[in-house]
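Q: Pasting input29.cif here (mmCIF, C-alpha atoms):
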data_work
loop_
_atom_site.label_atom_id
_atom_site.label_comp_id
_atom_site.auth_asym_id
_atom_site.auth_seq_id
_atom_site.Cartn_x
_atom_site.Cartn_y
_atom_site.Cartn_z
CA MET B 1 -13.37 -119.27 63.98
CA VAL B 2 -13.81 -115.51 64.48
CA ILE B 3 -11.75 -113.77 67.13
CA LEU B 4 -12.58 -110.14 67.82
CA ARG B 5 -10.21 -107.50 69.10
CA ARG B 6 -10.38 -103.75 69.38
CA ALA B 7 -8.92 -101.86 66.45
CA ASP B 8 -5.57 -100.18 67.02
CA PRO B 9 -3.36 -97.80 65.03
CA SER B 10 -1.77 -100.68 63.09
CA ASP B 11 -5.15 -101.42 61.44
CA SER B 12 -5.49 -98.05 59.74
CA GLN B 13 -3.93 -98.96 56.39
CA ILE B 14 -5.88 -102.18 55.88
CA LEU B 15 -9.19 -100.57 56.89
CA TRP B 16 -8.53 -97.77 54.40
CA GLU B 17 -7.83 -100.35 51.68
CA TRP B 18 -11.00 -102.31 52.50
CA ARG B 19 -13.06 -99.12 52.58
CA ASN B 20 -11.77 -98.06 49.15
CA ASP B 21 -12.23 -101.49 47.56
CA THR B 22 -14.53 -101.14 44.55
CA ASP B 23 -17.10 -103.63 45.84
CA ALA B 24 -17.14 -102.08 49.32
CA ARG B 25 -17.62 -98.62 47.87
CA SER B 26 -20.49 -99.71 45.65
CA ALA B 27 -22.24 -101.27 48.67
CA SER B 28 -21.60 -98.36 51.04
CA ARG B 29 -23.87 -95.46 51.73
CA GLU B 30 -20.98 -93.18 50.71
CA THR B 31 -19.53 -94.44 47.42
CA ARG B 32 -16.67 -92.02 46.84
CA ALA B 33 -13.07 -93.07 47.43
CA VAL B 34 -11.70 -91.78 50.72
CA PRO B 35 -8.31 -90.03 50.47
CA TRP B 36 -5.63 -91.32 52.85
CA GLY B 37 -5.37 -88.07 54.80
CA ASP B 38 -9.11 -87.93 55.40
CA HIS B 39 -9.12 -91.54 56.52
CA GLU B 40 -6.20 -91.03 58.91
CA ARG B 41 -7.87 -88.04 60.59
CA TRP B 42 -11.16 -89.96 60.89
CA TYR B 43 -9.41 -93.08 62.16
CA ARG B 44 -7.37 -91.31 64.85
CA ALA B 45 -10.51 -89.53 66.05
CA SER B 46 -12.45 -92.82 65.96
CA LEU B 47 -9.93 -94.66 68.11
CA ALA B 48 -10.02 -91.83 70.66
CA SER B 49 -13.81 -91.53 70.75
CA PRO B 50 -15.76 -93.24 73.53
CA ALA B 51 -18.79 -93.05 71.21
CA ARG B 52 -17.25 -95.38 68.62
CA LEU B 53 -16.09 -98.98 68.89
CA ILE B 54 -14.24 -100.61 65.99
CA LEU B 55 -13.66 -104.35 66.24
CA ILE B 56 -11.34 -106.33 63.99
CA ALA B 57 -12.09 -109.97 63.18
CA VAL B 58 -9.03 -112.17 62.96
CA ASP B 59 -8.46 -115.87 62.58
CA GLU B 60 -6.20 -118.10 64.67
CA ASN B 61 -3.21 -116.86 62.64
CA ALA B 62 -4.09 -113.19 63.35
CA THR B 63 -5.11 -112.66 59.70
CA ARG B 64 -7.53 -109.75 59.52
CA MET B 65 -10.84 -110.87 58.01
CA GLY B 66 -13.16 -107.93 58.54
CA MET B 67 -14.35 -105.18 60.80
CA VAL B 68 -17.48 -104.05 62.56
CA ARG B 69 -18.11 -100.54 63.83
CA PHE B 70 -20.55 -99.45 66.51
CA ASP B 71 -21.42 -95.76 66.72
CA PHE B 72 -23.15 -95.11 70.03
CA ASP B 73 -25.84 -92.53 69.30
CA ASP B 74 -27.01 -92.17 72.89
CA SER B 75 -27.07 -94.22 76.06
CA ASP B 76 -29.22 -97.04 74.69
CA SER B 77 -28.64 -97.33 70.93
CA ALA B 78 -25.86 -97.69 68.41
CA SER B 79 -25.58 -97.87 64.65
CA VAL B 80 -23.66 -100.86 63.35
CA SER B 81 -21.83 -101.43 60.09
CA ILE B 82 -19.57 -104.18 58.80
CA ASN B 83 -16.92 -104.55 56.13
CA VAL B 84 -15.53 -107.96 55.23
CA ALA B 85 -12.03 -108.17 53.78
CA PRO B 86 -12.19 -108.74 50.00
CA ASP B 87 -10.52 -112.17 50.27
CA HIS B 88 -13.16 -113.35 52.76
CA ARG B 89 -16.33 -112.15 51.04
CA GLY B 90 -18.91 -114.66 49.86
CA LYS B 91 -17.82 -117.25 52.43
CA GLY B 92 -20.22 -116.51 55.28
CA MET B 93 -17.73 -114.30 57.09
CA GLY B 94 -20.14 -111.35 57.32
CA GLN B 95 -22.67 -113.45 59.22
CA ARG B 96 -20.09 -114.86 61.63
CA LEU B 97 -18.54 -111.42 62.13
CA LEU B 98 -21.84 -109.70 62.87
CA HIS B 99 -22.98 -112.48 65.20
CA ALA B 100 -19.74 -112.39 67.21
CA ALA B 101 -19.73 -108.59 67.35
CA ILE B 102 -23.30 -108.42 68.68
CA ILE B 103 -22.40 -110.88 71.44
CA TYR B 104 -19.27 -108.83 72.20
CA VAL B 105 -21.04 -105.47 72.45
CA ARG B 106 -24.07 -106.77 74.32
CA ALA B 107 -21.83 -108.30 76.99
CA ASN B 108 -21.28 -104.73 78.23
CA HIS B 109 -24.53 -103.22 76.94
CA PRO B 110 -27.24 -105.91 77.27
CA ALA B 111 -30.18 -103.61 76.47
CA LEU B 112 -28.46 -101.86 73.57
CA LYS B 113 -30.72 -101.19 70.59
CA LEU B 114 -28.90 -101.63 67.27
CA VAL B 115 -29.63 -99.86 64.00
CA ALA B 116 -28.24 -100.62 60.54
CA GLN B 117 -28.71 -98.58 57.39
CA ILE B 118 -27.98 -100.46 54.18
CA ARG B 119 -28.34 -99.66 50.51
CA THR B 120 -31.40 -101.42 49.12
CA SER B 121 -29.15 -102.77 46.35
CA ASN B 122 -27.01 -104.55 48.96
CA ALA B 123 -29.32 -107.53 49.49
CA PRO B 124 -26.60 -109.85 50.88
CA SER B 125 -25.84 -107.44 53.72
CA THR B 126 -29.53 -106.93 54.45
CA ARG B 127 -29.98 -110.73 54.70
CA ILE B 128 -27.03 -110.98 57.12
CA PHE B 129 -28.60 -108.44 59.44
CA GLU B 130 -32.07 -109.98 59.17
CA ARG B 131 -30.65 -113.40 60.12
CA GLU B 132 -29.28 -111.76 63.27
CA GLY B 133 -32.74 -110.59 64.28
CA PHE B 134 -32.82 -107.14 62.69
CA ALA B 135 -36.21 -106.11 61.32
CA ARG B 136 -36.87 -103.62 58.54
CA VAL B 137 -38.43 -100.43 59.88
CA SER B 138 -38.23 -98.14 56.86
CA GLU B 139 -36.94 -97.70 53.34
CA THR B 140 -36.18 -94.23 52.00
CA ASP B 141 -34.03 -92.90 49.17
CA GLY B 142 -32.43 -96.27 48.46
CA ILE B 143 -31.58 -96.98 52.11
CA VAL B 144 -33.26 -99.62 54.24
CA THR B 145 -33.16 -99.11 58.01
CA LEU B 146 -33.17 -102.19 60.23
CA ARG B 147 -33.37 -102.43 64.03
CA ALA B 148 -32.64 -105.12 66.59
#
Please rewrite the model in this file as structure tokens.
A:
Amino acid sequence: MVILRRADPSDSQILWEWRNDTDARSASRETRAVPWGDHERWYRASLASPARLILIAVDENATRMGMVRFDFDDSDSASVSINVAPDHRGKGMGQRLLHAAIIYVRANHPALKLVAQIRTSNAPSTRIFEREGFARVSETDGIVTLRA
């Protein structure tokens, strides 16, 4: 079962750890490690921004299992990215997380167009998005863009 909640200040440390995990970095568009200070500044600004929504997936015991971020580009579209906690990868969590997050965000934005940009080498993530109805629209410089 995936329960979604809005991110809060207490999530900063774990999100920083997930972001800097070796596998997450190799799959991300930006592969460098993020220093703690940079992350903290970004995270505080993110929580305060009406143009960004970060959701945390938890189980019935409140164990954090992953996150999804929506960056609202304009009034009718948003970019979406996910990061599954290392202990929950390879178990279908990414699919369940993305599915639940799309339902969550579309409850308030039913006509929202979603965009994902994924490294071409990250085939598992691309498959997750395609299963949720995203279609490939372009591939440039090692990045595939999908829209739903």
Q: May I have the residues within 10 Å of segment 35-41 of chain B as an NGL selection string, using all atoms listed in the file and disregarding those fewer than 6 positions away in the same chain?
A: :B and (9 or 12-13 or 15-17 or 19-20)
Q: Env of Arg136 of chain B: 10 Å cut, atoms = only C-alpha atoms, seq-sep filter 6 positions within chain, self excluded. Answer as number ranges by chain.
A: B: 115-117, 126, 129-130, 144-148
Q: List every protein, DNA or RNA residue with an atom no more than 12 Å from (-5.7, -115.5, 60.6) in the file's coordinates, counting only C-alpha atoms, and format the result as a PyMOL selection string.
A: chain B and resi 1-4+56-66+85+87-88
Q: Here's the selection I'm unsure about, the PyMOL selection byres ((chain B and resi 113) around 10); applied to the file above, which residues does it give, as a list of chain:residue names?
A: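 When the PyMOL selection byres ((chain B and resi 113) around 10) is applied, the selected residues are B:Phe72, B:Ser75, B:Asp76, B:Ser77, B:Ala78, B:Ser79, B:Arg106, B:His109, B:Pro110, B:Ala111, B:Leu112, B:Leu114, B:Val115, B:Arg147, B:Ala148.
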Q: Expanded to explicit residues, what is the PyMOL selection byres ((chain B and resi 7) around 7) for this file, as a PyMOL selection string?
A: chain B and resi 5-6+8+11+54-56
Q: Contacts of Arg29 of chain B at 9 Å or less, counting all atoms listed in the file, minus same-chain residues fewer than 6 places along, as a PyMOL selection string?
A: chain B and resi 117-119+143
Q: For atom CA of Arg89 of chain B and atom CA of Met67 of chain B, quote the distance in Å rounded to one decimal.
A: 12.2 Å
Q: Calculate how many Å separate atom CA of Leu97 of chain B from atom CA of Val68 of chain B, rounding to one decimal.
A: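 About the pair atom CA of Leu97 of chain B and atom CA of Val68 of chain B: they are 7.5 Å apart.
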Q: Excluding same-chain residues fewer than 4 positions from Leu53 of chain B, what lies within 7 Å of it counting all atoms listed in the file, as a ChimeraX atom specification?
A: /B:69-71
Q: With only C-alpha atoms as the atoms that count, which of B:Leu98, B:Ile82, B:Ala107, B:Ala51 lies nearest to Trp18 of chain B?
A: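 Checking each of B:Leu98, B:Ile82, B:Ala107, B:Ala51 against Trp18 of chain B, counting only C-alpha atoms, the winner is B:Ile82.
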Q: Under the rule that all atoms listed in the file are counted, which of B:Gly94, B:Pro124, B:Pro50, B:Gly133 is the nearest residue to Ala27 of chain B?
A: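 Of B:Gly94, B:Pro124, B:Pro50, B:Gly133, the one nearest Ala27 of chain B is B:Pro124, counting all atoms listed in the file.
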Q: One number please: atom CA of Ser10 of chain B to atom CA of Trp42 of chain B, in Å, one decimal.
A: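 Pair atom CA of Ser10 of chain B / atom CA of Trp42 of chain B returns 14.4 Å.
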Q: May I ask which of the residues B:Ser49, B:Asn108, B:Asn122, B:Thr140 is the closest one to Ala24 of chain B, counting only C-alpha atoms?
A: B:Asn122
